[in-house]
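Q: Mind having a look at this structure? Questions to follow.
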Amino acid sequence: MAKIGGKIANIERARMGFVVILQQSKEMAEDLMKVEATPPSANLINWQVKGMSCTNCALTLEKYLQEKGMSAVKVNFMGGELGFENRIGLSPDALKKGIRDLGYQVVEEETSVHKTWGLQNHFQRFLFCAVFALPLMTHMVPGLHWHWLMNPWVQIGLTLPVLWVGLRFFGRSAWKSLRKGVPNMNVLVTVGAVAAFVYSLYGTLTGQAEKYLFYETTATIFTLVFLGNWLEDRSVEATQKTLRQLIKSQKTMANMLAYDDQHQEHVFPVESTALKVGDLILVRQGEVVPMDCKILSGTAAVDESIVTGESLPIEKSTKDMLIGGSVLVQGNIKAYVLSVGKDAVLGHILEMVKNAQTEKPPIQKLADKISAVFVPVVLGIAVLTFLGNYFWTPAGTTESLMRSIAVLVIACPCAMGLATPAAIAVGLGRAAKNGVFFKDTSSLEKFKFIQQVVFDKTGTLTTGAFDIAGFELTPAGQAWGVDRFQQVVGSLEKFSNHPLAKTMAKAWKPAVEVVWLEKKETRGMGMEGVTKEGERILVGSWKITDKLNTPKGHNLYVMCNGEWMGWIDLVDQIRPEAKSLMGQLHQQGIRTILLSGDSFHKCEALAKDLGMTAFYAEQSPEEKLQKIGDWCAQVPTAMVGDGINDAPALAKATVGVSLSEASQLALQSADVVLMNNGLKNLGLGLGLGKHTYRTIQENLFWALLYNVIAIPIAAFGGLTPTVGALVMGLSDVVLALNSIRLFYKKVV
């Protein structure tokens with residue numbers, strides 16, 4: 001207890017250090033004032049659920065919760081996640097009980113660490129069952145005919161342990177699903193295995209064992225299905241590897257700075273999840289940045305590849321942001337925490353990927369409809385198989401029953417259920433690994449249809465980092481003087497987020513700020529402010545001076561009380577990846593369009609240099625919005641912008657793509673966010689959209705073809721139940737492996 005109390009006291013002293021430095025750092029105080037704590041909705045519930053193995057399981061839980069009045073139900077069977085809104089205030093315990101009755105288990109934090117006895121996963125169950133099933137299968141091997149194994153009572157003894165384990169897992173799940181009116185695939189497995197056992201037991205008890213000895217069918221069905229489920233779990237787990245890497249990087253240790261009564265600094269370790277906004281931390285060389293933070297002192301080279309996909313270290317120094325989960329390759333820094341948990345960049349990314357996995361694209365709806373009726377239909381086919389073979393073919397009772405059982409165990413609703421989620425999980429995972437994040441699966445799917453991509457200029461096709469190329473004052477501006485000209489521009493432009501304005505505010509930061517009585521920003525025009533002396537100042541594009549017949553071609557114009565005071569020219573560089581990206585898009589038959597508010601001759605030169613299909617210059621945000629709307633009505637169109645001035649156009653486009661710094665990740669206007677602050681992975685995102693959709697189509701085709709072909713073959717005696725169980729288990733693995741190819745497949 002003393003140790004715990006001491007640790008708590010240390011944490012509180014560490015947070016006292018925040019107060020000490022806060023008094024000395026106005027900028028830090030301003031940063032923390034910007035942090036808005038958004039309390040989570042009391043109605044929103046997220047649970048981790050064990051026992052889900054396919055889309056049929058997800059549909060079962062979704063249907064149950066909707067019947068209970070829950071809204072916004074989202075189930076991700078691959079990640080074992082369940083989310084919904086409990087607006088009617090139903091008891092969570094009652095919902096958990098209902099979920100248990102369906103054969104699933106809500107993982108409780110306080111009990112999840114307790115260990116239970118064996119046979120808790122498919123691999124353990126397979127090994128246990130294989131010990132008893134393998135001797136029963138020896139008669140299938142030439143030269144291995146052990147007479148003592150032909151004794152029916154020996155076979156019963158070997159089968160009962162397998163039957164017990166099988167019924168404990170498949171049987172319990174099947175019974176609960178039938179009680180709730182939503183039969184799952186375990187019904188098919190259980191009915192087939194139990195039918196073979198009961199049939200064999202009847203022969204044994206009536207002294208006709210030699211005619212009814214099919215105990216090995218029961219044992220091999222359960223054993224091979226456990227094997228198939230384990231292989232499927234491994235395959236599905238591989239599709240989740242990127243998400244698991246992100247989750248793992250969220251949980252690390254942090255060095256918290258503590259201060260004693262004499263303000264002497266001390267360092268002690270805490271878990272990153274214990275950090276709060278404003279805490280002071282020390283990050284040493286080779287350590288993981290525990291949460292989003294801002295550097296107070298020190299310099300470092302930082303590897304942000306876990307989030308941005310960019311493997312080259314980035315130099316960071318005082319006042320720079322660090323993303324939680326990145327690694328300090330070189331150097332040591334002191335920093336203060338800006339955001340934690342779901343509010344951090346990594347938290348936002350995890351939520352985006354998880355939400356995208358739970359969203360169902362339109363192509364999934366057909367598979368869901370088929371899965372919902374699959375089990376009853378197969379049960380009906382199995383009954384018809386038995387009756388048809390018994391009455392209309394030479395097959396007797398035994399052969400008719402075996403064919404019926406083969407139909408039950410070879411049918412696989414999981415294959416159709418896995419077809420879409422597996423491909424989406426891999427597509428989203430590979431995209432996330434390369435710093436491309438989709439807010440939902442529909443955006444991933446829409447990329448398949450994109451026929452033209454529209455680009456903003458400043459900060460999108462160019463780097464957004466400007467240098468002042470020159471400036472000139474008019475006679476009226478010369479009356480002001482250079483110092484006053486720069487003071488006014490630097491003071492006013494700091495209130496804008498436009499890249500040009502940020503450059504001016506940084507380059508011409510005045511020693512004495514201008515006091516503004518009014519200030520406002522007009523998109524596509526510039527900044528306007530009124531000084532305490534009553535001067536009305538305008539700093540913006542040529543449009544603010546168009547009534548004065550001023551010459552075009554400069555970046556910024558300055559006006560005072562209706563008089564033109566001067567102009568400023570800035571230069572920025574074309575992104576090095578822009579030209580190769582245009583080539584990639586043109587090879588795919590995609591048109592490229594430049595849509596910018598910049599001057600005609602600058603847009604013309606850029607479009608010509610990059611070889612773009614067309615360009616439109618001097619466009620206001622309203623004009624951009626109108627053009628995007630017109631183009632989208634004609635062909636599917638993606639818009640790529642910086643997510644600030646282009647927000648309306650991004651929202652209007654078929655797919656909006658934002659090139660954002662990490663702090664701008666949460667922009668709601670874009671469907672896709674490129675985290676590498678560049679264009680180089682846009683082609684990868686487009687390629688993944690097309691190839692993910694193609695993989696989904698391949699998976700659905702093979703899943704449907706498998707069932708359409710396999711069920712009739714089994715019905716006409718072409719497959720034994722044992723072979724059927726093995727093929728059924730492997731069918732899911734084939735689809736999962738086909739999806740995993742997306743990790744390595746060339747998509748650009």
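Residues are named by chain letter and number: chains run A, B, ... in the order of the structure tokens, numbers start at 1 in each chain, and ligands are numbered from 1 in the order shown.
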I'd like the contact shell of Gly69 of chain A - 8 Å cut-off, only C-alpha atoms, skipping same-chain residues fewer than 2 positions apart - returned as a ChimeraX atom specification.
A: /A:65-67,71,86,88
Q: Applying 10 Å and only C-alpha atoms, which residues near Asn738 of chain A remain after dropping the ones on its own chain fewer than 5 positions away? List them as a ChimeraX atom specification.
A: /A:235,419,422-423,695-696,698-699,732-733
Q: Once you have the residues from the selection above, write them out as a compact mmCIF listing (two decimals), in the first residue's frame, restricted to C-alpha atoms.
A:
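again_30.txt written:
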```txt
# COMPACT_ATOMS: atom_id res chain seq x y z
CA SER A 235 -5.64 -16.76 -41.91
CA ALA A 419 -15.34 -13.20 -48.78
CA ALA A 422 -11.28 -10.62 -45.33
CA ALA A 423 -10.51 -8.66 -48.49
CA THR A 695 -10.59 -9.62 -54.70
CA ILE A 696 -14.06 -9.40 -53.16
CA GLU A 698 -13.14 -13.33 -56.78
CA ASN A 699 -13.91 -14.47 -53.23
CA ASP A 732 -12.43 -20.66 -45.89
CA VAL A 733 -8.66 -20.87 -45.83
```
Q: Give me the residues within 10 Å of segment 716-726 of chain A as JSON, numbers by chain, counting only C-alpha atoms and dropping any in the same chain fewer than 3 places off.
A: {"A": [137, 189, 192, 193, 196, 216, 217, 218, 219, 220, 221, 222, 223, 224, 225, 226, 227, 228, 385, 388, 389, 393, 395, 399, 400, 402, 403, 404, 405, 406, 407, 408, 409, 410, 411, 412, 710, 711, 712, 713, 729, 730, 731]}
Q: My list of candidates is A:Phe214, A:Leu682, A:Tyr616, A:Pro376. Which is closest to Tyr199 of chain A when distances are computed with only C-alpha atoms?
A: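 Nearest candidate to Tyr199 of chain A out of A:Phe214, A:Leu682, A:Tyr616, A:Pro376: A:Phe214.
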Q: Between atom CA of Val340 of chain A and atom CA of Gly427 of chain A, what is the spacing in Å?
A: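 Separation of atom CA of Gly427 of chain A and atom CA of Val340 of chain A: 27.4 Å.
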Q: Which is closest to Arg591 of chain A among A:Tyr706, A:Phe701, A:Phe466, A:Phe455, if we use only C-alpha atoms?
A: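 Nearest to Arg591 of chain A: A:Phe455.
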Q: Would you kindly return, as a ChimeraX atom specification, each protein, DNA or RNA residue with an atom no farther than 6 Å from any atom of segment 275-279 of chain A, considering only C-alpha atoms and excluding same-chain residues fewer than 6 positions away?
A: /A:15,336-339
Q: Can those selected residues be exported to a file as an mmCIF file, in the first residue's frame so that it contains N, CA and C atoms?
A:
```
data_model
loop_
_atom_site.group_PDB
_atom_site.id
_atom_site.type_symbol
_atom_site.label_atom_id
_atom_site.label_comp_id
_atom_site.auth_asym_id
_atom_site.auth_seq_id
_atom_site.Cartn_x
_atom_site.Cartn_y
_atom_site.Cartn_z
ATOM 1 N N ARG A 15 2.486 16.201 -12.120
ATOM 2 C CA ARG A 15 1.517 17.132 -12.707
ATOM 3 C C ARG A 15 1.650 18.530 -12.116
ATOM 4 N N TYR A 336 5.359 17.990 -23.603
ATOM 5 C CA TYR A 336 4.133 17.931 -22.823
ATOM 6 C C TYR A 336 3.027 17.299 -23.664
ATOM 7 N N VAL A 337 2.201 16.504 -23.020
ATOM 8 C CA VAL A 337 1.176 15.715 -23.699
ATOM 9 C C VAL A 337 0.032 16.616 -24.148
ATOM 10 N N LEU A 338 -0.357 16.485 -25.420
ATOM 11 C CA LEU A 338 -1.453 17.283 -25.976
ATOM 12 C C LEU A 338 -2.757 16.506 -26.095
ATOM 13 N N SER A 339 -2.673 15.212 -26.347
ATOM 14 C CA SER A 339 -3.899 14.412 -26.483
ATOM 15 C C SER A 339 -3.593 12.965 -26.136
#
```
Q: Work out how far apart atom CA of Arg100 of chain A and atom CA of Thr190 of chain A are and give it in Å to one decimal.
A: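 So the answer is 19.1 Å.
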Q: Tell me which protein, DNA and RNA residues are within 6 Å of Ser272 of chain A, counting only C-alpha atoms, leaving out same-chain ones fewer than 3 positions away, and put them as a list in words.
A: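 Non-adjacent residues within range: Thr252, Met253, Ala254, Leu275 and Pro290 of chain A.
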Q: Could you write out the selected residues, including C-alpha atoms, as an mmCIF file, in the first residue's frame?
A:
```
data_model
loop_
_atom_site.group_PDB
_atom_site.id
_atom_site.type_symbol
_atom_site.label_atom_id
_atom_site.label_comp_id
_atom_site.auth_asym_id
_atom_site.auth_seq_id
_atom_site.Cartn_x
_atom_site.Cartn_y
_atom_site.Cartn_z
ATOM 1 C CA THR A 252 3.970 1.373 -23.965
ATOM 2 C CA MET A 253 5.908 2.842 -21.046
ATOM 3 C CA ALA A 254 6.504 6.551 -20.550
ATOM 4 C CA LEU A 275 -0.912 9.883 -19.006
ATOM 5 C CA PRO A 290 3.843 7.406 -25.639
#
```
Q: Which residues come within 8 Å of segment 457-465 of chain A, counting only C-alpha atoms, excluding same-chain residues fewer than 3 positions away, as an MDAnalysis selection string?
A: chainID A and resid 499:500 503 572:575 578 594:596 598 603 640:642 659 678:679
Q: According to DSSP computed on the backbone, where in segment 454-632 of chain A is there strand (DSSP E)? Give the residues as a VMD selection string.
A: chain A and resid 454 to 455 467 to 473 516 to 522 526 to 531 536 to 540 556 to 560 563 to 571 591 to 595 614 to 616
Q: Name all residues at most 10 Å from Gln478 of chain A (count only C-alpha atoms; drop same-chain ones fewer than 5 positions away) and give them as a PyMOL selection string.
A: chain A and resi 472-473+484-485+565-566
Q: Taking the chain letters and numbering used in this document, name the residues of segment 174-235 of chain A that DSSP puts in helix (DSSP H, G or I), as a count of residues only.
A: 52
